[in-house]
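Have a look at the structure below, then the notes.
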Amino acid sequence: ALVRRTVFVTGAVDMEGCPEADRGEVAFIGRSNVGKSSLVNMLTNRKSLAFTSKTPGKTQQFNYFAVNDKPELARQIRYGDDVPGEKDRDSFYIVDLPGFGFAKVTQQLRQQWSDFMDEYLQERETLQAVFHLIDARHGPTDEDIKIMQKVGTILGAKQQAKEHCAKYIIILTKADKNVKNAKSQSNPGKVSNKVMEKLIVTMKENRVGYAPIVLTSSETRLGRDEVWKYLRFAAER
Ligand code: GDP
């Protein structure tokens with residue numbers, strides 16, 4: 001897939017703050033340090049995306065990034081095959097959703113975040129996929145289980161009601177850390193049986209047993225093509 005450009009658009013703290021729902025979007029959720037910025041940078045071919053999830057004050061917002069926005073810039077790169085004034089047809093949003101396990105926020109902020117998340121999953125009609133990042137070495141934490149419950153409940157109800165419903169995909173991050181020679185092509189990453197068992201059991205308990213699990217590493221680029229299958233789907237909404 002061709003990524004020409006990724007730009008930060010806005011940070012939202014409620015539904016009104018989200019940009020116009022004029023294109024597909026995918027959301028990445030995971031606790032801080034799980035490898036979210038590295039993964040998004042790897043996916044979009046950036047050394048350091050203006051990925052603002054760590055900027056003070058921005059940790060509680062949903063941060064919107066537009067991939068392949070700005071047709072005039074894309075046109076410069078592709079020598080004129082875009083129609084002026086039209087949204088680039090490959091454009092979609094990547095939304096960085098912070099985890100809600102911040103050590104230092106008040107109960108009130110936590111609740112606000114949780115309510116926004118519910119509403120977002122419920123109402124954002126252009127949401128095509130939710131990627132939940134979990135560390136391949138540790139498996140789901142308590143916070144991950146809460147996220148799984150939330151997503152499982154809301155998307156599960158939508159699915160049952162046959163409403164449009166985002167795909168839910170589990171991403172295991174830092175898979176190279178489990179192997180001695182991470183760069184080895186024959187063994188680029190793995191996950192222990194213990195972690196995999198815990199993950200599967202937790203998924204079943206939260207009724208998200210259907211979700212695909214993608215093993216990734218931002219170091220070795222493991223899983224890139226597989227994640228891109230879902231991103232392409234989002235872009236072609
Ligand atoms: P974020 O807080 O979720 O955005 O996490 P970062 O992307 O900033 O990563 C946290 C730390 O883990 C950094 O030191 C990264 O270099 C490291 N890291 C992230 N992804 C990988 C990976 O796939 N493999 C390895 N070995 N380290 C990683």
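Here's how to read the names in the structure tokens: chain A, B, ... by the order shown, residue numbers from 1 in each chain, ligand numbers from 1 in the order shown.
Non-sequential neighbours of Arg5 of chain A (distance at most 7 Å, separation of 3 or more positions within a chain, only C-alpha atoms) are Val67, Asn68 and Asp69 of chain A.
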Residues as selected, N, CA and C atoms, written as a short mmCIF file (atom, residue, chain, number, x, y, z; two decimals), in the first residue's frame, can you do that?
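Final output, part-v7.cif:
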data_model
loop_
_atom_site.label_atom_id
_atom_site.label_comp_id
_atom_site.auth_asym_id
_atom_site.auth_seq_id
_atom_site.Cartn_x
_atom_site.Cartn_y
_atom_site.Cartn_z
N VAL A 67 -4.17 9.84 6.98
CA VAL A 67 -3.22 9.22 6.08
C VAL A 67 -3.62 9.60 4.65
N ASN A 68 -2.64 10.05 3.88
CA ASN A 68 -2.89 10.41 2.48
C ASN A 68 -3.93 11.50 2.30
N ASP A 69 -3.91 12.47 3.18
CA ASP A 69 -4.79 13.61 3.03
C ASP A 69 -4.14 14.59 2.05
#
Shell of 7 Å around ligand 1 (only C-alpha atoms and all ligand atoms), written as a ChimeraX atom specification: /A:30-39,53,173-177,216-219
Since we have the selection now, will you write its residues out, keeping C-alpha atoms, as a compact mmCIF listing (two decimals), in the first residue's frame?
# COMPACT_ATOMS: atom_id res chain seq x y z
CA GLY A 30 -3.35 0.16 24.18
CA ARG A 31 -1.67 1.12 27.43
CA SER A 32 1.27 3.48 27.36
CA ASN A 33 4.57 1.84 26.39
CA VAL A 34 2.91 -1.10 24.63
CA GLY A 35 4.59 -0.05 21.37
CA LYS A 36 1.75 1.88 19.73
CA SER A 37 3.79 4.76 18.32
CA SER A 38 6.44 2.39 17.01
CA LEU A 39 3.83 0.23 15.32
CA SER A 53 0.24 10.52 22.32
CA THR A 173 3.49 -6.24 20.01
CA LYS A 174 7.27 -6.59 20.43
CA ALA A 175 7.22 -10.24 19.33
CA ASP A 176 10.94 -10.02 18.51
CA LYS A 177 11.72 -9.66 22.22
CA THR A 216 3.87 -7.99 15.19
CA SER A 217 7.26 -6.44 15.70
CA SER A 218 8.16 -2.90 14.80
CA GLU A 219 11.81 -3.93 14.86
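Once Ile145 of chain A and its same-chain neighbours fewer than 2 positions away are set aside, Pro140, Thr141, Asp142, Glu143, Ile147, Met148, Gln149, Lys150, Val151, Leu199, Thr202, Met203, Glu205 and Asn206 of chain A remain within 10 Å of it when counting only C-alpha atoms.
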Write out, as CSV, each residue of segment 131-181 of chain A that has an atom at most 12 Å from segment 40-45 of chain A, together with the closest pair of atoms and their distance in Å to one decimal, counting only C-alpha atoms, rows going by chain and rising number.
residue,atom,partner,partner_atom,distance
A:Phe131,CA,A:Val40,CA,11.0
A:Leu133,CA,A:Val40,CA,11.1
A:Ile171,CA,A:Val40,CA,11.9
A:Thr173,CA,A:Val40,CA,11.4
Selected residues, C-alpha atoms, written as an mmCIF file, in the first residue's frame, please.
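Once written, out_13.cif looks like this:
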data_model
loop_
_atom_site.group_PDB
_atom_site.id
_atom_site.type_symbol
_atom_site.label_atom_id
_atom_site.label_comp_id
_atom_site.auth_asym_id
_atom_site.auth_seq_id
_atom_site.Cartn_x
_atom_site.Cartn_y
_atom_site.Cartn_z
ATOM 1 C CA PHE A 131 -6.761 -2.646 16.899
ATOM 2 C CA LEU A 133 -2.363 -3.674 21.242
ATOM 3 C CA ILE A 171 -2.227 -7.065 17.935
ATOM 4 C CA THR A 173 3.485 -6.238 20.009
#
Report as a PyMOL selection string: the residues of segment 79-221 of chain A with a DSSP assignment of helix (DSSP H, G or I), based on the backbone of this structure. chain A and resi 107-123+142-160+175-178+193-205
Export of the given selection (N, CA and C atoms) as a compact mmCIF listing (two decimals), in the first residue's frame:
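out39.txt, written as the output of this step:
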# COMPACT_ATOMS: atom_id res chain seq x y z
N GLN A 107 -10.57 10.20 39.04
CA GLN A 107 -11.67 9.29 38.76
C GLN A 107 -12.63 9.91 37.74
N GLN A 108 -12.81 11.22 37.88
CA GLN A 108 -13.73 11.94 36.99
C GLN A 108 -13.25 11.89 35.53
N LEU A 109 -11.94 12.13 35.34
CA LEU A 109 -11.38 12.09 33.98
C LEU A 109 -11.47 10.68 33.40
N ARG A 110 -11.21 9.72 34.24
CA ARG A 110 -11.28 8.34 33.82
C ARG A 110 -12.68 7.98 33.33
N GLN A 111 -13.67 8.46 34.08
CA GLN A 111 -15.08 8.21 33.73
C GLN A 111 -15.43 8.90 32.42
N GLN A 112 -14.93 10.15 32.28
CA GLN A 112 -15.18 10.92 31.07
C GLN A 112 -14.62 10.18 29.84
N TRP A 113 -13.40 9.67 30.01
CA TRP A 113 -12.77 8.92 28.93
C TRP A 113 -13.60 7.68 28.58
N SER A 114 -14.02 6.99 29.62
CA SER A 114 -14.77 5.75 29.44
C SER A 114 -16.10 6.00 28.73
N ASP A 115 -16.77 7.09 29.08
CA ASP A 115 -18.04 7.44 28.44
C ASP A 115 -17.83 7.79 26.97
N PHE A 116 -16.77 8.55 26.71
CA PHE A 116 -16.44 8.93 25.32
C PHE A 116 -16.17 7.66 24.50
N MET A 117 -15.42 6.77 25.07
CA MET A 117 -15.09 5.52 24.39
C MET A 117 -16.36 4.74 24.05
N ASP A 118 -17.29 4.64 25.01
CA ASP A 118 -18.56 3.95 24.76
C ASP A 118 -19.30 4.57 23.59
N GLU A 119 -19.40 5.90 23.66
CA GLU A 119 -20.13 6.63 22.63
C GLU A 119 -19.47 6.47 21.27
N TYR A 120 -18.15 6.55 21.29
CA TYR A 120 -17.38 6.44 20.05
C TYR A 120 -17.61 5.07 19.39
N LEU A 121 -17.49 4.01 20.16
CA LEU A 121 -17.67 2.66 19.62
C LEU A 121 -19.10 2.47 19.13
N GLN A 122 -20.02 3.09 19.85
CA GLN A 122 -21.43 2.96 19.55
C GLN A 122 -21.81 3.73 18.30
N GLU A 123 -21.28 4.96 18.15
CA GLU A 123 -21.86 5.90 17.19
C GLU A 123 -20.99 6.28 16.00
N ASP A 142 -4.78 -6.23 33.43
CA ASP A 142 -6.13 -5.92 33.92
C ASP A 142 -6.78 -4.83 33.07
N GLU A 143 -5.96 -3.87 32.69
CA GLU A 143 -6.50 -2.78 31.86
C GLU A 143 -6.94 -3.33 30.49
N ASP A 144 -6.14 -4.23 29.94
CA ASP A 144 -6.51 -4.84 28.65
C ASP A 144 -7.83 -5.59 28.76
N ILE A 145 -8.02 -6.26 29.88
CA ILE A 145 -9.25 -7.03 30.07
C ILE A 145 -10.46 -6.09 30.11
N LYS A 146 -10.27 -4.92 30.73
CA LYS A 146 -11.36 -3.93 30.76
C LYS A 146 -11.70 -3.44 29.35
N ILE A 147 -10.66 -3.20 28.57
CA ILE A 147 -10.87 -2.75 27.19
C ILE A 147 -11.62 -3.83 26.41
N MET A 148 -11.19 -5.06 26.59
CA MET A 148 -11.81 -6.19 25.90
C MET A 148 -13.28 -6.33 26.26
N GLN A 149 -13.58 -6.15 27.55
CA GLN A 149 -14.97 -6.22 28.01
C GLN A 149 -15.82 -5.17 27.31
N LYS A 150 -15.28 -3.96 27.30
CA LYS A 150 -15.99 -2.83 26.70
C LYS A 150 -16.25 -3.09 25.22
N VAL A 151 -15.18 -3.39 24.51
CA VAL A 151 -15.31 -3.61 23.07
C VAL A 151 -16.22 -4.81 22.80
N GLY A 152 -16.02 -5.87 23.55
CA GLY A 152 -16.82 -7.08 23.37
C GLY A 152 -18.29 -6.80 23.56
N THR A 153 -18.61 -6.04 24.59
CA THR A 153 -20.02 -5.75 24.89
C THR A 153 -20.64 -4.87 23.81
N ILE A 154 -19.96 -3.77 23.50
CA ILE A 154 -20.56 -2.80 22.57
C ILE A 154 -20.61 -3.34 21.14
N LEU A 155 -19.47 -3.85 20.66
CA LEU A 155 -19.47 -4.34 19.28
C LEU A 155 -20.31 -5.61 19.17
N GLY A 156 -20.29 -6.43 20.23
CA GLY A 156 -21.09 -7.66 20.23
C GLY A 156 -22.57 -7.35 20.05
N ALA A 157 -23.04 -6.33 20.77
CA ALA A 157 -24.46 -5.95 20.68
C ALA A 157 -24.79 -5.42 19.28
N LYS A 158 -23.87 -4.66 18.72
CA LYS A 158 -24.08 -4.14 17.37
C LYS A 158 -24.15 -5.26 16.34
N GLN A 159 -23.24 -6.20 16.54
CA GLN A 159 -23.17 -7.33 15.62
C GLN A 159 -24.49 -8.11 15.65
N GLN A 160 -24.98 -8.33 16.89
CA GLN A 160 -26.20 -9.10 17.06
C GLN A 160 -27.39 -8.38 16.44
N ALA A 175 7.05 -8.78 19.41
CA ALA A 175 7.22 -10.24 19.33
C ALA A 175 8.69 -10.63 19.19
N ASP A 176 9.51 -9.70 18.67
CA ASP A 176 10.94 -10.02 18.51
C ASP A 176 11.64 -10.18 19.86
N LYS A 177 11.06 -9.60 20.91
CA LYS A 177 11.72 -9.66 22.22
C LYS A 177 11.72 -11.07 22.80
N ASN A 178 10.93 -11.95 22.24
CA ASN A 178 10.88 -13.33 22.74
C ASN A 178 11.88 -14.26 22.07
N ASN A 193 3.45 -20.23 24.94
CA ASN A 193 2.18 -20.95 25.08
C ASN A 193 1.36 -20.40 26.24
N LYS A 194 2.06 -20.04 27.30
CA LYS A 194 1.38 -19.55 28.49
C LYS A 194 0.62 -18.25 28.19
N VAL A 195 1.30 -17.32 27.52
CA VAL A 195 0.67 -16.05 27.16
C VAL A 195 -0.50 -16.29 26.20
N MET A 196 -0.28 -17.18 25.22
CA MET A 196 -1.33 -17.44 24.23
C MET A 196 -2.56 -18.06 24.89
N GLU A 197 -2.32 -18.97 25.83
CA GLU A 197 -3.44 -19.59 26.54
C GLU A 197 -4.24 -18.56 27.32
N LYS A 198 -3.52 -17.72 28.04
CA LYS A 198 -4.19 -16.68 28.83
C LYS A 198 -5.01 -15.77 27.92
N LEU A 199 -4.41 -15.42 26.80
CA LEU A 199 -5.10 -14.53 25.86
C LEU A 199 -6.39 -15.18 25.34
N ILE A 200 -6.28 -16.42 24.91
CA ILE A 200 -7.45 -17.11 24.34
C ILE A 200 -8.56 -17.24 25.38
N VAL A 201 -8.18 -17.62 26.60
CA VAL A 201 -9.18 -17.77 27.66
C VAL A 201 -9.86 -16.42 27.93
N THR A 202 -9.05 -15.36 28.04
CA THR A 202 -9.61 -14.03 28.29
C THR A 202 -10.53 -13.58 27.16
N MET A 203 -10.13 -13.87 25.94
CA MET A 203 -10.97 -13.49 24.79
C MET A 203 -12.30 -14.22 24.85
N LYS A 204 -12.25 -15.51 25.16
CA LYS A 204 -13.50 -16.29 25.23
C LYS A 204 -14.40 -15.77 26.33
N GLU A 205 -13.80 -15.50 27.49
CA GLU A 205 -14.59 -15.00 28.63
C GLU A 205 -15.30 -13.69 28.29
Between A:Arg207, A:Lys47, A:Lys190, A:Lys229, smallest distance to Asp135 of chain A by only C-alpha atoms belongs to A:Lys190
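The space between atom CA of Thr6 of chain A and atom CA of Phe65 of chain A spans 6.5 Å.
Atom pair atom CA of Asn63 of chain A / atom CA of Ala235 of chain A: separated by 18.1 Å.
When only C-alpha atoms are used to compute distances to Tyr93 of chain A, the closest of the residues A:Phe28, A:Tyr64, A:Tyr168, A:Phe233 turns out to be A:Tyr64.
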Can you tell me which residues surround Glu236 of chain A at a distance of at most 9 Å, considering only C-alpha atoms, apart from same-chain residues fewer than 2 positions away, and format the answer as a VMD selection string? chain A and resid 23 to 24 89 to 92 231 to 234
Go through A:Val227, A:Ala161, A:Ile29, A:Ile94 one by one, measure the shortest atom-to-atom distance of each to Val214 of chain A using only C-alpha atoms, and give the residue with the smallest value. A:Val227
Measuring between only C-alpha atoms, which one of A:Pro19, A:Gly209, A:Gly99, A:Gly189 shows the shortest distance to Leu222 of chain A? A:Gly189
